[in-house]
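Everything on this sheet refers to the single structure shown next.
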There are 2 protein chains.
Amino acid sequence: MKQPACELCDAEGGRLVLSDEWLRVVLVDDPEFPGFARVIWNEHVREMSDLGPGEQQRLMLTVFAVERAQRAVLAPAKVNLASLGNVTPHLHWHVIPRFADDAHFPGSIWSARQCAPDPAQLAVRRSRLGTLRVAIAARLPAAD
Amino acid sequence: MKQPACELCDAEGGRLVLSDEWLRVVLVDDPEFPGFARVIWNEHVREMSDLGPGEQQRLMLTVFAVERAQRAVLAPAKVNLASLGNVTPHLHWHVIPRFADDAHFPGSIWSARQCAPDPAQLAVRRSRLGTLRVAIAARLPAAD
């Protein structure tokens, strides 16, 4: 059931990598965070504890597959995982590769800005996004 | 194996609710976020994808149990889940009950402050922390 005026019911929420009956993986078009992905539950559900155990596991295995793909392709200093949803309470996971030279490190991406990232480094990371898309698809858990 | 100078190898990381062989649940002593909990993997592991599937599931089921306890006892507007670890790369989950009147809502707790929360409301929430501790313990997944 779609929820009126929910931006994740109305739109993909990023550049689609792939989707199935339950969820979709998108890349976020953030110029300062190349490789930032979201895993979005298709149905309008609020909290992880509103899903059944099998649904929870399917969603988390997808989040971890995206993390593994990011690590393999981008070699981040750390991967940040977050399900917040205070503004858009439609279950979605942020999967964010973090680098020591990124604009907010070591704070969260929602924290105060720390520096202006090097455009050349960002360009290198952006050049790997095609590879990342393939790597995510290759690591996804098999559908039942 | 303990990691030198890791604050989650050296200390509990909060007021202990319970612990087992694999992980522990603590309440964070943050005066503005009563009920803020962390689920901390005991071993010094960096990323979720460094755990095996059974370990990942054990950790996430504990996170979701804490979320269910927070919802039952505190009725938050939203629960925020996050594994960041940029400063302390020792696997730990923040499980944060959020309220429309809290200091950072609807931003993340790491975002700019929005308001000064009402001390009376905070006191009501703090008065439920004993109940929350019991509720967390009651909802934890059974150990194998």
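Naming works like this for the structure tokens: A, B, ... for the chains as they're shown, residue 1 at the start of each chain, ligands 1 onward in shown order.
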
DSSP on the backbone, then: every residue of range 7-143 of chain A marked alpha helix (DSSP H), written as a ChimeraX atom specification. /A:7-10,53-74,119-126,129-139

With a cut-off of 9 Å and counting only C-alpha atoms, select all residues of chain A in contact with chain B and give the selection as an mmCIF file with N, CA, C and O atoms, in the first residue's frame.
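Written file, result_10.cif:
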```cif
data_model
loop_
_atom_site.group_PDB
_atom_site.id
_atom_site.type_symbol
_atom_site.label_atom_id
_atom_site.label_comp_id
_atom_site.auth_asym_id
_atom_site.auth_seq_id
_atom_site.Cartn_x
_atom_site.Cartn_y
_atom_site.Cartn_z
ATOM 1 N N ARG A 46 7.429 1.174 8.600
ATOM 2 C CA ARG A 46 8.082 2.213 9.389
ATOM 3 C C ARG A 46 9.405 1.750 10.026
ATOM 4 O O ARG A 46 10.428 2.409 9.905
ATOM 5 N N GLU A 47 9.355 0.625 10.727
ATOM 6 C CA GLU A 47 10.492 0.211 11.551
ATOM 7 C C GLU A 47 10.926 -1.212 11.177
ATOM 8 O O GLU A 47 10.100 -2.016 10.731
ATOM 9 N N MET A 48 12.187 -1.542 11.458
ATOM 10 C CA MET A 48 12.672 -2.908 11.234
ATOM 11 C C MET A 48 11.797 -3.918 11.992
ATOM 12 O O MET A 48 11.536 -5.018 11.492
ATOM 13 N N SER A 49 11.365 -3.543 13.203
ATOM 14 C CA SER A 49 10.577 -4.476 14.008
ATOM 15 C C SER A 49 9.132 -4.593 13.515
ATOM 16 O O SER A 49 8.354 -5.356 14.096
ATOM 17 N N PRO A 53 10.669 -11.932 10.604
ATOM 18 C CA PRO A 53 12.077 -12.347 10.666
ATOM 19 C C PRO A 53 12.706 -12.605 9.290
ATOM 20 O O PRO A 53 13.847 -12.213 9.039
ATOM 21 N N GLN A 56 13.240 -9.206 7.622
ATOM 22 C CA GLN A 56 14.388 -8.527 8.250
ATOM 23 C C GLN A 56 15.692 -9.085 7.696
ATOM 24 O O GLN A 56 16.605 -8.339 7.334
ATOM 25 N N GLN A 57 15.746 -10.420 7.630
ATOM 26 C CA GLN A 57 16.992 -11.044 7.198
ATOM 27 C C GLN A 57 17.283 -10.734 5.733
ATOM 28 O O GLN A 57 18.423 -10.434 5.363
ATOM 29 N N MET A 60 18.592 -7.121 5.622
ATOM 30 C CA MET A 60 19.943 -6.946 6.160
ATOM 31 C C MET A 60 20.989 -7.649 5.298
ATOM 32 O O MET A 60 22.095 -7.120 5.098
ATOM 33 N N LEU A 61 20.670 -8.820 4.765
ATOM 34 C CA LEU A 61 21.644 -9.503 3.898
ATOM 35 C C LEU A 61 21.931 -8.653 2.660
ATOM 36 O O LEU A 61 23.061 -8.654 2.153
ATOM 37 N N PHE A 64 24.277 -5.866 3.789
ATOM 38 C CA PHE A 64 25.653 -6.351 3.967
ATOM 39 C C PHE A 64 26.299 -6.676 2.619
ATOM 40 O O PHE A 64 27.521 -6.547 2.460
ATOM 41 N N ALA A 65 25.497 -7.091 1.648
ATOM 42 C CA ALA A 65 26.039 -7.345 0.302
ATOM 43 C C ALA A 65 26.515 -6.031 -0.330
ATOM 44 O O ALA A 65 27.577 -5.984 -0.969
ATOM 45 N N GLU A 67 27.521 -3.429 1.348
ATOM 46 C CA GLU A 67 28.747 -3.098 2.092
ATOM 47 C C GLU A 67 29.949 -3.856 1.534
ATOM 48 O O GLU A 67 31.025 -3.268 1.312
ATOM 49 N N ARG A 68 29.790 -5.157 1.275
ATOM 50 C CA ARG A 68 30.909 -5.949 0.746
ATOM 51 C C ARG A 68 31.336 -5.446 -0.632
ATOM 52 O O ARG A 68 32.531 -5.369 -0.930
ATOM 53 N N ALA A 77 37.648 3.648 4.312
ATOM 54 C CA ALA A 77 38.198 3.526 5.671
ATOM 55 C C ALA A 77 37.188 2.856 6.589
ATOM 56 O O ALA A 77 37.557 2.124 7.516
ATOM 57 N N LYS A 78 35.887 3.089 6.320
ATOM 58 C CA LYS A 78 34.807 2.548 7.161
ATOM 59 C C LYS A 78 33.531 2.588 6.339
ATOM 60 O O LYS A 78 33.392 3.464 5.476
ATOM 61 N N VAL A 79 32.641 1.675 6.614
ATOM 62 C CA VAL A 79 31.302 1.751 6.028
ATOM 63 C C VAL A 79 30.326 2.145 7.134
ATOM 64 O O VAL A 79 30.389 1.591 8.236
ATOM 65 N N ASN A 80 29.481 3.118 6.851
ATOM 66 C CA ASN A 80 28.454 3.545 7.813
ATOM 67 C C ASN A 80 27.104 2.999 7.368
ATOM 68 O O ASN A 80 26.713 3.163 6.204
ATOM 69 N N LEU A 81 26.397 2.392 8.306
ATOM 70 C CA LEU A 81 25.049 1.866 8.055
ATOM 71 C C LEU A 81 24.065 2.607 8.946
ATOM 72 O O LEU A 81 24.323 2.754 10.146
ATOM 73 N N ALA A 82 22.963 3.062 8.382
ATOM 74 C CA ALA A 82 21.994 3.769 9.220
ATOM 75 C C ALA A 82 20.589 3.657 8.647
ATOM 76 O O ALA A 82 20.373 3.816 7.444
ATOM 77 N N SER A 83 19.649 3.388 9.544
ATOM 78 C CA SER A 83 18.227 3.445 9.239
ATOM 79 C C SER A 83 17.637 4.477 10.185
ATOM 80 O O SER A 83 17.501 4.225 11.385
ATOM 81 N N LEU A 84 17.343 5.656 9.669
ATOM 82 C CA LEU A 84 16.877 6.761 10.507
ATOM 83 C C LEU A 84 15.385 6.980 10.233
ATOM 84 O O LEU A 84 14.539 6.558 10.981
ATOM 85 N N GLY A 85 15.060 7.674 9.143
ATOM 86 C CA GLY A 85 13.649 7.782 8.748
ATOM 87 C C GLY A 85 12.829 8.759 9.551
ATOM 88 O O GLY A 85 11.601 8.653 9.589
ATOM 89 N N ASN A 86 13.487 9.722 10.199
ATOM 90 C CA ASN A 86 12.713 10.711 10.959
ATOM 91 C C ASN A 86 11.915 11.613 10.029
ATOM 92 O O ASN A 86 10.811 12.032 10.349
ATOM 93 N N VAL A 87 12.496 11.924 8.868
ATOM 94 C CA VAL A 87 11.811 12.781 7.898
ATOM 95 C C VAL A 87 10.930 11.928 6.984
ATOM 96 O O VAL A 87 9.800 12.313 6.672
ATOM 97 N N PRO A 89 9.528 8.326 7.080
ATOM 98 C CA PRO A 89 9.431 7.074 7.847
ATOM 99 C C PRO A 89 8.970 5.893 6.981
ATOM 100 O O PRO A 89 7.945 5.264 7.248
ATOM 101 N N ARG A 98 32.983 5.534 3.706
ATOM 102 C CA ARG A 98 33.594 6.720 4.290
ATOM 103 C C ARG A 98 35.111 6.683 4.110
ATOM 104 O O ARG A 98 35.722 5.609 4.166
ATOM 105 N N ALA A 100 38.940 8.879 4.991
ATOM 106 C CA ALA A 100 39.568 9.819 5.926
ATOM 107 C C ALA A 100 39.589 11.237 5.361
ATOM 108 O O ALA A 100 39.644 12.202 6.123
ATOM 109 N N PHE A 105 34.332 13.376 7.618
ATOM 110 C CA PHE A 105 35.051 12.385 8.429
ATOM 111 C C PHE A 105 35.785 13.071 9.578
ATOM 112 O O PHE A 105 36.362 14.131 9.371
ATOM 113 N N PRO A 106 35.829 12.506 10.797
ATOM 114 C CA PRO A 106 35.244 11.227 11.196
ATOM 115 C C PRO A 106 33.824 11.345 11.722
ATOM 116 O O PRO A 106 33.289 10.382 12.267
ATOM 117 N N GLY A 107 33.200 12.518 11.570
ATOM 118 C CA GLY A 107 31.800 12.635 11.986
ATOM 119 C C GLY A 107 30.894 11.838 11.058
ATOM 120 O O GLY A 107 31.323 11.324 10.023
ATOM 121 N N SER A 108 29.620 11.758 11.437
ATOM 122 C CA SER A 108 28.628 11.173 10.543
ATOM 123 C C SER A 108 28.446 12.115 9.352
ATOM 124 O O SER A 108 28.850 13.282 9.411
ATOM 125 N N ILE A 109 27.832 11.649 8.280
ATOM 126 C CA ILE A 109 27.607 12.549 7.133
ATOM 127 C C ILE A 109 26.602 13.640 7.473
ATOM 128 O O ILE A 109 26.450 14.592 6.725
ATOM 129 N N TRP A 110 25.896 13.471 8.612
ATOM 130 C CA TRP A 110 24.914 14.478 9.031
ATOM 131 C C TRP A 110 25.536 15.480 10.008
ATOM 132 O O TRP A 110 24.865 16.404 10.449
ATOM 133 N N SER A 111 26.794 15.262 10.362
ATOM 134 C CA SER A 111 27.489 16.147 11.305
ATOM 135 C C SER A 111 28.038 17.361 10.566
ATOM 136 O O SER A 111 27.942 17.445 9.337
ATOM 137 N N ALA A 112 28.640 18.254 11.320
ATOM 138 C CA ALA A 112 29.228 19.466 10.725
ATOM 139 C C ALA A 112 30.326 19.087 9.730
ATOM 140 O O ALA A 112 31.082 18.130 9.938
#
```

Any idea what's packed within 10 Å of His44 in chain A, counting only C-alpha atoms, ignoring anything in its chain fewer than 4 positions away? Could you give it as a list in words? Met1, Lys2, Gln3, Cys6, Leu8, Cys9, Ile40, Pro89, His90, Leu91 and His92 of chain A

So that I can check the surroundings of Gly14 in chain A, please list as JSON, numbers by chain every protein, DNA and RNA residue that reaches within 9 Å of it, counting only C-alpha atoms and ignoring chain neighbours fewer than 6 positions away. {"A": [25, 26, 27, 28, 29, 37, 38]}

Can you pull out the residues contacting Leu23 in chain B? Cut-off 10 Å, using only C-alpha atoms, and skip same-chain residues under 4 positions away; I want them as a ChimeraX atom specification. /B:18-19,39-43,55,58-59,62,91-92

Output as JSON, numbers by chain all residues of range 8-44 of chain A that backbone DSSP marks as strand (DSSP E or B). {"A": [15, 16, 17, 18, 19, 23, 24, 25, 26, 27, 37, 38, 39, 40, 41]}

Excluding Val124 in chain B and its own-chain neighbours fewer than 6 positions away, which residues fall within 12 Å of it when counting only C-alpha atoms? Please give them as an MDAnalysis selection string. chainID B and resid 32:35 73:74 118 130

Could the residues in this selection be written to a file with N, CA, C and O atoms, as a tab-separated table (two decimals), in the first residue's frame?
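Listing of result_28.tsv after writing:
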```tsv
chain	number	residue	atom	x	y	z
B	32	GLU	N	19.93	13.97	27.35
B	32	GLU	CA	18.90	14.42	26.39
B	32	GLU	C	18.27	13.27	25.61
B	32	GLU	O	17.33	13.50	24.85
B	33	PHE	N	18.84	12.07	25.73
B	33	PHE	CA	18.29	10.92	24.99
B	33	PHE	C	18.10	9.72	25.92
B	33	PHE	O	18.79	8.70	25.77
B	34	PRO	N	17.13	9.84	26.85
B	34	PRO	CA	16.87	8.69	27.73
B	34	PRO	C	16.43	7.49	26.89
B	34	PRO	O	15.62	7.64	25.97
B	35	GLY	N	17.00	6.34	27.19
B	35	GLY	CA	16.63	5.12	26.47
B	35	GLY	C	17.57	4.79	25.32
B	35	GLY	O	17.48	3.71	24.73
B	73	VAL	N	8.06	0.48	25.64
B	73	VAL	CA	8.16	1.20	26.92
B	73	VAL	C	8.09	2.71	26.72
B	73	VAL	O	7.55	3.44	27.55
B	74	LEU	N	8.64	3.21	25.62
B	74	LEU	CA	8.79	4.66	25.46
B	74	LEU	C	7.90	5.24	24.35
B	74	LEU	O	7.74	6.47	24.28
B	118	ASP	N	12.14	19.75	26.67
B	118	ASP	CA	11.41	20.03	27.91
B	118	ASP	C	11.92	19.12	29.02
B	118	ASP	O	11.82	17.89	28.92
B	130	GLY	N	14.19	1.89	34.17
B	130	GLY	CA	14.20	0.59	34.85
B	130	GLY	C	13.31	-0.41	34.12
B	130	GLY	O	13.69	-1.57	33.90
```

Would you pick out the contacts of Ala120 in chain B at 12 Å or less, using only C-alpha atoms, so that residues sharing its chain but fewer than 5 positions from it are not included, and give the list as a list of chain:residue names?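 Near neighbours after the sequence-gap exclusion: B:Glu32, B:Asp101, B:Arg125, B:Arg126, B:Ser127.
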
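With CA of Arg15 in chain A on one side and CA of Leu122 in chain A on the other, the separation reads 18.2 Å.
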